[in-house]
$ cat work-v8.cif   # mmCIF, C-alpha atoms
data_entry
loop_
_atom_site.label_atom_id
_atom_site.label_comp_id
_atom_site.auth_asym_id
_atom_site.auth_seq_id
_atom_site.Cartn_x
_atom_site.Cartn_y
_atom_site.Cartn_z
CA MET A 1 -62.09 1.40 37.49
CA GLU A 2 -59.26 -0.49 39.18
CA THR A 3 -57.59 -3.18 37.10
CA LEU A 4 -57.59 -6.46 39.02
CA ASN A 5 -54.66 -8.85 38.70
CA GLU A 6 -56.02 -11.67 40.83
CA ILE A 7 -59.32 -13.01 42.15
CA ARG A 8 -59.78 -14.51 45.61
CA LEU A 9 -62.61 -16.83 46.60
CA ASN A 10 -64.32 -14.12 48.66
CA ASP A 11 -64.39 -11.90 45.55
CA LEU A 12 -66.66 -14.52 43.96
CA SER A 13 -68.62 -15.62 47.02
CA TYR A 14 -71.88 -13.78 46.39
CA ASN A 15 -71.82 -14.69 42.68
CA LEU A 16 -71.51 -18.36 43.60
CA ASP A 17 -74.08 -18.52 46.40
CA HIS A 18 -76.04 -21.15 44.43
CA THR A 19 -73.09 -23.57 44.28
CA HIS A 20 -71.93 -26.32 46.64
CA VAL A 21 -68.45 -26.88 48.11
CA ASN A 22 -66.58 -29.88 49.41
CA LEU A 23 -64.15 -28.96 52.21
CA ASN A 24 -61.51 -30.90 54.12
CA LEU A 25 -63.67 -32.63 56.75
CA GLU A 26 -61.26 -32.10 59.64
CA PHE A 27 -61.18 -28.38 58.90
CA LEU A 28 -64.96 -28.24 58.37
CA LEU A 29 -65.60 -29.69 61.84
CA LYS A 30 -63.30 -27.09 63.41
CA LEU A 31 -65.03 -24.32 61.44
CA LEU A 32 -68.50 -25.41 62.55
CA ILE A 33 -67.44 -25.85 66.17
CA ASN A 34 -65.90 -22.38 66.13
CA SER A 35 -68.90 -20.69 64.53
CA SER A 36 -71.49 -22.51 66.68
CA LYS A 37 -69.45 -22.29 69.90
CA CYS A 38 -70.48 -25.89 70.49
CA ASP A 39 -68.60 -29.22 70.34
CA LYS A 40 -71.56 -30.79 68.53
CA PRO A 41 -72.75 -28.18 66.03
CA TRP A 42 -75.52 -30.42 64.68
CA ARG A 43 -77.08 -30.40 68.19
CA ASN A 44 -77.15 -26.61 68.44
CA ARG A 45 -80.67 -25.54 67.48
CA LYS A 46 -79.91 -21.81 67.67
CA PHE A 47 -76.92 -22.22 65.35
CA ALA A 48 -78.85 -24.37 62.86
CA GLU A 49 -81.75 -21.96 62.68
CA GLY A 50 -79.34 -19.01 62.49
CA ILE A 51 -77.92 -20.35 59.21
CA SER A 52 -81.37 -21.47 58.00
CA CYS A 53 -80.76 -25.21 58.34
CA PRO A 54 -83.65 -27.51 59.31
CA PHE A 55 -83.58 -28.80 62.91
CA ASN A 56 -85.43 -31.93 64.05
CA LYS A 57 -86.88 -31.12 67.47
CA THR A 58 -87.67 -34.76 68.19
CA LYS A 59 -84.13 -35.97 67.44
CA LYS A 60 -82.64 -32.73 68.72
CA SER A 61 -80.37 -32.65 65.70
CA SER A 62 -79.82 -31.04 62.31
CA THR A 63 -79.31 -33.90 59.89
CA THR A 64 -78.12 -31.39 57.28
CA ILE A 65 -75.21 -30.14 59.40
CA TYR A 66 -74.43 -33.70 60.50
CA GLY A 67 -74.32 -34.72 56.83
CA TRP A 68 -71.79 -31.96 56.11
CA ILE A 69 -69.54 -33.15 58.92
CA LYS A 70 -69.70 -36.79 57.82
CA GLY A 71 -69.04 -35.87 54.20
CA TYR A 72 -72.12 -37.31 52.53
CA LYS A 73 -73.58 -33.86 51.93
CA THR A 74 -71.80 -30.91 50.33
CA VAL A 75 -72.09 -27.45 51.86
CA PRO A 76 -74.18 -24.87 49.96
CA PHE A 77 -72.06 -21.80 49.35
CA SER A 78 -74.84 -19.60 50.74
CA LYS A 79 -74.60 -21.46 54.06
CA LEU A 80 -70.81 -21.26 54.02
CA ILE A 81 -71.05 -17.47 53.72
CA ASP A 82 -73.25 -17.38 56.84
CA VAL A 83 -70.90 -19.68 58.75
CA ILE A 84 -67.80 -17.63 57.88
CA GLU A 85 -69.45 -14.39 59.01
CA ILE A 86 -69.93 -15.68 62.56
CA SER A 87 -66.63 -17.55 62.83
CA ASP A 88 -63.03 -16.57 63.58
CA TYR A 89 -61.86 -18.11 60.30
CA SER A 90 -61.11 -16.26 57.07
CA TRP A 91 -61.77 -16.88 53.40
CA ARG A 92 -58.08 -17.69 53.02
CA ASP A 93 -58.67 -20.62 55.37
CA ILE A 94 -61.51 -21.76 53.12
CA GLU A 95 -59.28 -21.50 50.05
CA ASN A 96 -56.60 -23.63 51.73
CA ASN A 97 -59.12 -26.34 52.61
CA LEU A 98 -61.31 -26.28 49.49
CA ILE A 99 -61.37 -29.65 47.75
CA THR A 100 -64.02 -29.12 45.07
CA ILE A 101 -66.83 -26.79 44.08
CA LYS A 102 -69.81 -27.61 41.88
CA SER A 103 -72.97 -25.91 40.61
CA GLY A 104 -75.41 -28.10 42.53
CA ILE A 105 -75.73 -31.30 44.52
CA ARG A 106 -74.92 -33.50 41.53
CA LYS A 107 -71.66 -34.23 39.72
CA GLY A 108 -69.55 -31.72 37.85
CA GLU A 109 -66.94 -30.76 40.43
CA THR A 110 -63.92 -28.61 39.75
CA SER A 111 -60.93 -27.72 41.90
CA PRO A 112 -60.01 -24.10 41.13
CA LYS A 113 -56.68 -22.83 42.43
CA PHE A 114 -56.96 -19.53 44.30
CA PRO A 115 -56.05 -16.86 43.74
CA ILE A 116 -57.09 -17.02 40.10
CA ILE A 117 -54.62 -14.83 38.25
CA ILE A 118 -56.03 -12.44 35.65
CA ASP A 119 -53.34 -13.12 33.07
CA GLN A 120 -52.68 -14.31 29.55
CA ARG A 121 -53.68 -17.88 30.45
CA LEU A 122 -57.16 -16.85 31.59
CA GLY A 123 -57.45 -14.48 28.64
CA SER A 124 -56.66 -17.36 26.30
CA ILE A 125 -59.58 -19.38 27.71
CA ILE A 126 -61.97 -16.47 27.17
CA GLY A 127 -60.60 -15.85 23.65
CA HIS A 128 -61.08 -19.46 22.61
CA ILE A 129 -64.65 -19.50 23.94
CA LEU A 130 -65.37 -16.32 21.97
CA GLY A 131 -63.82 -18.02 18.94
CA ASP A 132 -64.55 -21.70 18.42
CA GLY A 133 -66.00 -22.32 21.86
CA SER A 134 -69.38 -21.78 23.47
CA ILE A 135 -71.33 -21.73 26.70
CA GLY A 136 -74.72 -23.41 26.41
CA LYS A 137 -77.72 -21.12 26.77
CA ARG A 138 -79.79 -23.61 28.77
CA PHE A 139 -77.39 -25.60 30.95
CA HIS A 140 -74.32 -23.29 30.71
CA SER A 141 -71.92 -26.15 30.07
CA LEU A 142 -68.61 -25.02 28.56
CA PHE A 143 -67.38 -26.32 25.21
CA PHE A 144 -64.39 -25.81 22.92
CA SER A 145 -64.10 -27.44 19.51
CA ASN A 146 -61.25 -27.47 17.00
CA SER A 147 -59.28 -29.76 14.70
CA ASN A 148 -55.91 -28.19 15.58
CA ILE A 149 -54.33 -30.35 18.28
CA GLU A 150 -52.08 -27.47 19.39
CA LEU A 151 -55.08 -25.29 20.20
CA LEU A 152 -56.93 -28.14 21.89
CA LYS A 153 -53.93 -28.86 24.10
CA GLU A 154 -53.51 -25.17 24.90
CA PHE A 155 -57.12 -24.94 26.05
CA ARG A 156 -56.93 -28.18 28.03
CA VAL A 157 -53.73 -27.16 29.84
CA ASN A 158 -55.03 -23.70 30.72
CA MET A 159 -58.29 -25.12 32.08
CA LYS A 160 -56.35 -27.70 34.09
CA VAL A 161 -54.10 -25.05 35.66
CA ILE A 162 -56.95 -22.73 36.62
CA PHE A 163 -59.81 -25.13 37.36
CA GLY A 164 -57.95 -28.34 38.20
CA ILE A 165 -60.19 -30.33 35.87
CA GLU A 166 -59.84 -32.51 32.78
CA PRO A 167 -62.39 -32.33 29.94
CA ARG A 168 -64.62 -34.98 28.51
CA ILE A 169 -63.10 -35.46 25.05
CA TRP A 170 -65.26 -36.42 22.09
CA ILE A 171 -64.12 -37.00 18.51
CA ARG A 172 -66.42 -35.75 15.77
CA LYS A 173 -66.87 -37.33 12.36
CA ARG A 174 -64.72 -35.70 9.66
CA ASN A 175 -66.24 -33.44 6.98
CA ASN A 176 -69.44 -33.06 8.91
CA TYR A 177 -69.38 -29.34 9.58
CA ASN A 178 -72.48 -28.44 7.59
CA SER A 179 -74.82 -31.02 9.08
CA ASN A 180 -75.90 -32.17 12.49
CA THR A 181 -73.03 -33.04 14.77
CA LYS A 182 -72.15 -36.73 14.79
CA TRP A 183 -69.75 -37.89 17.45
CA LEU A 184 -67.70 -40.98 16.71
CA ARG A 185 -66.41 -41.87 20.15
CA ARG A 186 -65.05 -40.59 23.40
CA SER A 187 -61.30 -40.42 23.98
CA GLU A 188 -59.29 -40.39 27.21
CA THR A 189 -56.44 -38.33 25.76
CA LEU A 190 -55.75 -35.80 23.01
CA ASP A 191 -52.81 -37.93 21.89
CA ASP A 192 -55.31 -40.48 20.56
CA ILE A 193 -57.00 -38.19 18.02
CA PRO A 194 -57.01 -39.18 14.32
CA ASN A 195 -55.33 -36.52 12.20
CA GLY A 196 -57.76 -33.91 10.90
CA ASN A 197 -60.76 -34.85 13.02
CA ASN A 198 -62.64 -32.16 14.85
CA VAL A 199 -62.61 -32.62 18.63
CA GLY A 200 -64.90 -31.30 21.35
CA LEU A 201 -63.72 -30.56 24.91
CA PHE A 202 -66.61 -30.45 27.40
CA TYR A 203 -66.57 -28.93 30.90
CA PRO A 204 -69.25 -28.67 33.63
CA LYS A 205 -71.40 -25.64 34.41
CA ILE A 206 -69.34 -24.59 37.45
CA CYS A 207 -66.50 -23.49 35.12
CA SER A 208 -68.89 -21.13 33.32
CA ASP A 209 -70.25 -19.88 36.66
CA ILE A 210 -66.76 -18.93 37.82
CA LEU A 211 -65.86 -17.28 34.50
CA TYR A 212 -69.10 -15.30 34.59
CA ALA A 213 -68.30 -14.16 38.13
CA ILE A 214 -64.88 -12.90 36.95
CA VAL A 215 -65.55 -11.37 33.51
CA GLY A 216 -69.33 -11.08 33.27
CA ARG A 217 -71.72 -12.85 30.90
CA PHE A 218 -69.43 -12.77 27.86
CA ALA A 219 -70.90 -15.80 26.06
CA GLU A 220 -74.26 -17.52 26.19
CA GLY A 221 -75.59 -19.56 23.34
CA LYS A 222 -74.91 -17.68 20.10
CA PHE A 223 -74.52 -14.37 21.96
CA LYS A 224 -70.91 -13.30 22.53
CA GLN A 225 -69.45 -9.97 23.60
CA ILE A 226 -66.52 -8.15 25.18
CA THR A 227 -67.86 -7.19 28.62
CA MET A 228 -66.92 -4.16 30.68
CA GLU A 229 -64.90 -6.46 32.95
CA ILE A 230 -62.85 -7.60 29.95
CA LYS A 231 -62.40 -4.01 28.74
CA ASN A 232 -61.07 -3.05 32.19
CA SER A 233 -58.70 -6.03 32.44
CA ASN A 234 -54.91 -5.83 32.15
CA LEU A 235 -52.97 -6.04 28.89
CA GLY A 236 -51.61 -9.51 29.62
CA PHE A 237 -55.17 -10.87 29.83
CA LYS A 238 -56.16 -9.03 26.64
CA ARG A 239 -53.08 -10.34 24.83
CA GLY A 240 -54.10 -13.91 25.61
CA LEU A 241 -57.68 -13.25 24.50
CA ILE A 242 -56.68 -11.70 21.15
CA ARG A 243 -54.10 -14.42 20.47
CA ALA A 244 -56.60 -17.24 21.09
CA PHE A 245 -59.32 -15.52 19.07
CA PHE A 246 -56.86 -15.01 16.21
CA ASP A 247 -55.86 -18.68 16.30
CA ASP A 248 -59.55 -19.61 15.98
CA GLU A 249 -60.91 -16.87 13.73
CA GLY A 250 -57.88 -15.36 12.01
CA SER A 251 -55.80 -16.14 8.94
CA VAL A 252 -52.45 -15.21 7.43
CA ARG A 253 -51.63 -15.24 3.73
CA ALA A 254 -48.15 -14.40 2.58
CA ASP A 255 -49.20 -14.48 -1.09
CA ASN A 256 -51.46 -11.42 -0.80
CA HIS A 257 -49.77 -9.77 2.21
CA THR A 258 -52.80 -10.07 4.50
CA VAL A 259 -53.44 -10.75 8.16
CA ARG A 260 -57.19 -11.09 8.66
CA PHE A 261 -59.75 -11.50 11.43
CA HIS A 262 -63.15 -12.78 10.29
CA GLN A 263 -66.37 -13.34 12.19
CA ASP A 264 -70.13 -13.43 11.55
CA ASN A 265 -70.78 -11.21 14.58
CA LYS A 266 -69.92 -7.67 13.47
CA GLU A 267 -70.24 -6.15 16.95
CA LEU A 268 -67.91 -8.72 18.50
CA LEU A 269 -65.41 -8.19 15.68
CA GLU A 270 -65.46 -4.44 16.30
CA GLN A 271 -64.83 -5.04 20.00
CA ILE A 272 -61.86 -7.30 19.21
CA ARG A 273 -60.54 -4.64 16.86
CA SER A 274 -60.72 -2.08 19.67
CA LEU A 275 -58.69 -4.36 21.95
CA ILE A 276 -55.99 -4.70 19.28
CA ILE A 277 -55.71 -0.92 18.97
CA GLU A 278 -54.79 -0.77 22.69
CA PHE A 279 -51.48 -2.42 21.70
CA ASP A 280 -50.69 0.41 19.25
CA ILE A 281 -51.53 -1.87 16.33
CA ASN A 282 -53.71 -0.30 13.64
CA PRO A 283 -56.20 -2.61 11.90
CA HIS A 284 -58.27 -1.46 8.93
CA GLU A 285 -62.00 -0.78 9.21
CA ILE A 286 -64.45 -3.67 9.12
CA LEU A 287 -65.65 -4.78 5.69
CA SER A 288 -68.09 -7.48 4.62
CA TYR A 289 -68.85 -9.99 1.89
CA VAL A 290 -71.68 -12.41 1.18
CA LYS A 291 -71.07 -16.13 1.38
CA ARG A 292 -73.82 -18.73 1.11
CA ASP A 293 -76.43 -15.97 1.23
CA LYS A 294 -75.09 -14.66 4.54
CA GLU A 295 -73.19 -11.45 5.21
CA ARG A 296 -69.85 -12.07 6.86
CA TYR A 297 -67.43 -9.54 8.33
CA TYR A 298 -63.66 -9.10 8.47
CA PHE A 299 -60.87 -6.62 8.99
CA ASN A 300 -57.28 -6.74 7.79
CA ILE A 301 -53.95 -5.79 9.29
CA ASN A 302 -51.55 -4.59 6.61
CA GLY A 303 -48.12 -3.01 6.48
CA PHE A 304 -44.74 -4.33 7.57
CA LYS A 305 -44.62 -2.45 10.87
CA GLU A 306 -48.12 -3.63 11.78
CA TYR A 307 -47.28 -7.24 10.86
CA VAL A 308 -44.18 -7.20 13.05
CA LYS A 309 -45.91 -5.55 16.01
CA PHE A 310 -48.78 -8.03 15.91
CA PHE A 311 -46.47 -11.02 15.52
CA GLN A 312 -44.13 -9.94 18.32
CA ILE A 313 -46.73 -8.62 20.79
CA ILE A 314 -49.68 -10.95 20.18
CA GLY A 315 -48.44 -13.89 18.11
CA CYS A 316 -50.22 -17.20 17.67
CA THR A 317 -50.10 -20.77 18.97
CA SER A 318 -50.77 -22.56 15.68
CA SER A 319 -47.39 -23.57 14.23
CA ASN A 320 -48.75 -23.49 10.65
CA LYS A 321 -50.09 -19.98 11.14
CA ARG A 322 -46.82 -18.93 12.77
CA LYS A 323 -44.79 -20.24 9.82
CA GLU A 324 -47.02 -18.39 7.36
CA PHE A 325 -46.61 -15.24 9.46
CA GLU A 326 -42.82 -15.55 9.38
CA LYS A 327 -43.00 -16.18 5.63
CA LEU A 328 -45.07 -13.02 5.19
CA ILE A 329 -42.67 -10.86 7.22
CA ASN A 330 -39.61 -12.19 5.41
CA LYS A 331 -41.28 -11.82 2.01
CA VAL A 332 -42.03 -8.14 2.61
CA LYS A 333 -38.68 -7.47 4.24
CA ASN A 334 -36.76 -8.99 1.33
CA SER A 335 -38.81 -7.31 -1.40
CA LYS A 336 -37.15 -4.73 -3.64
CA GLY A 337 -39.74 -2.11 -2.73
CA PHE A 338 -39.09 -2.51 0.98
CA LYS A 339 -35.30 -2.41 0.59
CA LYS A 340 -35.55 0.68 -1.57
CA LYS A 341 -37.91 2.43 0.87
CA TYR A 342 -35.75 1.74 3.91
CA ALA A 343 -32.42 1.78 2.03
CA LEU A 344 -31.45 -1.69 3.17
#

$ encode --input "work-v8.cif" --output "structure tokens"
Amino acid sequence: METLNEIRLNDLSYNLDHTHVNLNLEFLLKLLINSSKCDKPWRNRKFAEGISCPFNKTKKSSTTIYGWIKGYKTVPFSKLIDVIEISDYSWRDIENNLITIKSGIRKGETSPKFPIIIDQRLGSIIGHILGDGSIGKRFHSLFFSNSNIELLKEFRVNMKVIFGIEPRIWIRKRNNYNSNTKWLRRSETLDDIPNGNNVGLFYPKICSDILYAIVGRFAEGKFKQITMEIKNSNLGFKRGLIRAFFDDEGSVRADNHTVRFHQDNKELLEQIRSLIIEFDINPHEILSYVKRDKERYYFNINGFKEYVKFFQIIGCTSSNKRKEFEKLINKVKNSKGFKKKYAL
């Protein structure tokens, strides 16, 4: 299967046929005139019926098409597909004049920048969702939660670059991880977060719809997986995914010479392990332990060469984790056993 490096709007069109778009109105009028071959598209009954829009025979007008032109109605993506097919315009023209896209007629717009590049930035978003994020099973809203401000900012910036949208930021009560979530207040910026508090970043359903269209249904409720689309993606994308997942679900301890990935979902952990092996890094097999009457899974990465390869190729965003990683590498490198083995 061909490895894709970028996604255009037309690549997603039939996966997003339930969504609505907001286009530059001047361009939209030109598009509708061109496709209808009429200066007043809303008056053209044949055109309206051809794209399955209601037409009022008494008023000799389609109020739906007129609403698009005046800007008080958004265009269903399914209708836009029909319009493009009978026009002289291209999907590139749509991309250049796309203002927002949303999942339905209500709020929740986003402004994705096309082409969407399949790179480390997008991989990082997917990795964080697989880690400490989620996509709701019912409403498919996207959520990422963490107490590390570096990871929160990384996620926010990447979402802003790709989707052109800012999150709703909520601060959660400290030391409340084992009970029902209690949110203290909403914040306008991540720079206003009390130290140590867990924070939730919330995004509308359209972001999940677009991610699903690109990489498949990789997360829904408690179910998370590495899809075939992810497996067939490029190494830059996979590097971003592993790095983000490690920041969320990994640990480094210089005192016992261990780099560890841990996760309750054994199948997902095995899939992450397989991605790491693609970088010629050799993790150990998955093991388990019981904590609070629940079996939990982990695998380690051990050995100086494996530490260095992982740190240099994958790395991490968390500065504390990065410092511990550097401490681990230096501790092994400066040990008597290592110097004797490599005659340093």

$ residues_around --input "work-v8.cif" --residues "range 137-151 of chain A" --least-positions-apart "4" --cutoff "10 Å" --atoms "only C-alpha atoms" --output "PyMOL selection string"
chain A and resi 108+125+128-133+155-157+167-172+174+190-191+193-209+219-223+244+247-248+316-320

$ residues_around --input "work-v8.cif" --residues "Arg243 in chain A" --least-positions-apart "2" --cutoff "8 Å" --atoms "only C-alpha atoms" --output "compact mmCIF listing (two decimals) with C-alpha atoms, in the coordinates of the input"
# COMPACT_ATOMS: atom_id res chain seq x y z
CA SER A 124 -56.66 -17.36 26.30
CA GLY A 127 -60.60 -15.85 23.65
CA ARG A 239 -53.08 -10.34 24.83
CA GLY A 240 -54.10 -13.91 25.61
CA LEU A 241 -57.68 -13.25 24.50
CA PHE A 245 -59.32 -15.52 19.07
CA PHE A 246 -56.86 -15.01 16.21
CA ASP A 247 -55.86 -18.68 16.30
CA ILE A 314 -49.68 -10.95 20.18
CA GLY A 315 -48.44 -13.89 18.11
CA CYS A 316 -50.22 -17.20 17.67
CA THR A 317 -50.10 -20.77 18.97

$ closest_residue --input "work-v8.cif" --among "A:Ile272, A:Ile117, A:Leu23, A:Val252" --to "Phe77 in chain A" --atoms "only C-alpha atoms"
A:Leu23

$ atom_distance --input "work-v8.cif" --atom1 "CA of Lys160 in chain A" --atom2 "CA of Val21 in chain A"
18.5 Å

$ atom_distance --input "work-v8.cif" --atom1 "CA of Asn282 in chain A" --atom2 "CA of Lys333 in chain A"
19.1 Å

$ closest_residue --input "work-v8.cif" --among "A:Ile126, A:Val290, A:Ala48, A:Ile276" --to "Gly216 in chain A" --atoms "all atoms listed in the file"
A:Ile126

$ resolve_selection --input "work-v8.cif" --expression "the PyMOL selection byres ((chain A and resi 289) around 12)" --output "list in words"
His262, Gln263, Asp264, Lys266, Ile286, Leu287, Ser288, Val290, Lys291, Arg292, Asp293, Lys294, Glu295, Arg296, Tyr297, Tyr298 and Phe299 of chain A

$ closest_residue --input "work-v8.cif" --among "A:Glu154, A:Asp11, A:Glu26, A:Glu49" --to "Arg92 in chain A" --atoms "all atoms listed in the file"
A:Asp11

$ atom_distance --input "work-v8.cif" --atom1 "CA of Ser35 in chain A" --atom2 "CA of Ile51 in chain A"
10.5 Å

$ closest_residue --input "work-v8.cif" --among "A:Ser187, A:Asn232, A:Ser87, A:Gln120" --to "Cys38 in chain A" --atoms "all atoms listed in the file"
A:Ser87

$ closest_residue --input "work-v8.cif" --among "A:Trp91, A:Phe27, A:Phe114, A:Tyr14" --to "Gly71 in chain A" --atoms "all atoms listed in the file"
A:Phe27

$ resolve_selection --input "work-v8.cif" --expression "the PyMOL selection byres ((chain A and resi 84) around 12)" --output "VMD selection string"
chain A and resid 10 13 28 30 to 36 51 77 to 83 85 to 94

$ resolve_selection --input "work-v8.cif" --expression "the PyMOL selection byres ((chain A and resi 165) around 9)" --output "count of residues only"
14

$ closest_residue --input "work-v8.cif" --among "A:Phe311, A:Phe218, A:Tyr72, A:Phe325" --to "Arg106 in chain A" --atoms "only C-alpha atoms"
A:Tyr72

$ axis_aligned_box --input "work-v8.cif" --around "range 120-127 of chain A" --padding-each-side "6 Å" --output "lines of an AutoDock Vina configuration file"
center_x = -57.3
center_y = -16.8
center_z = 27.6
size_x = 21.3
size_y = 17.1
size_z = 19.9
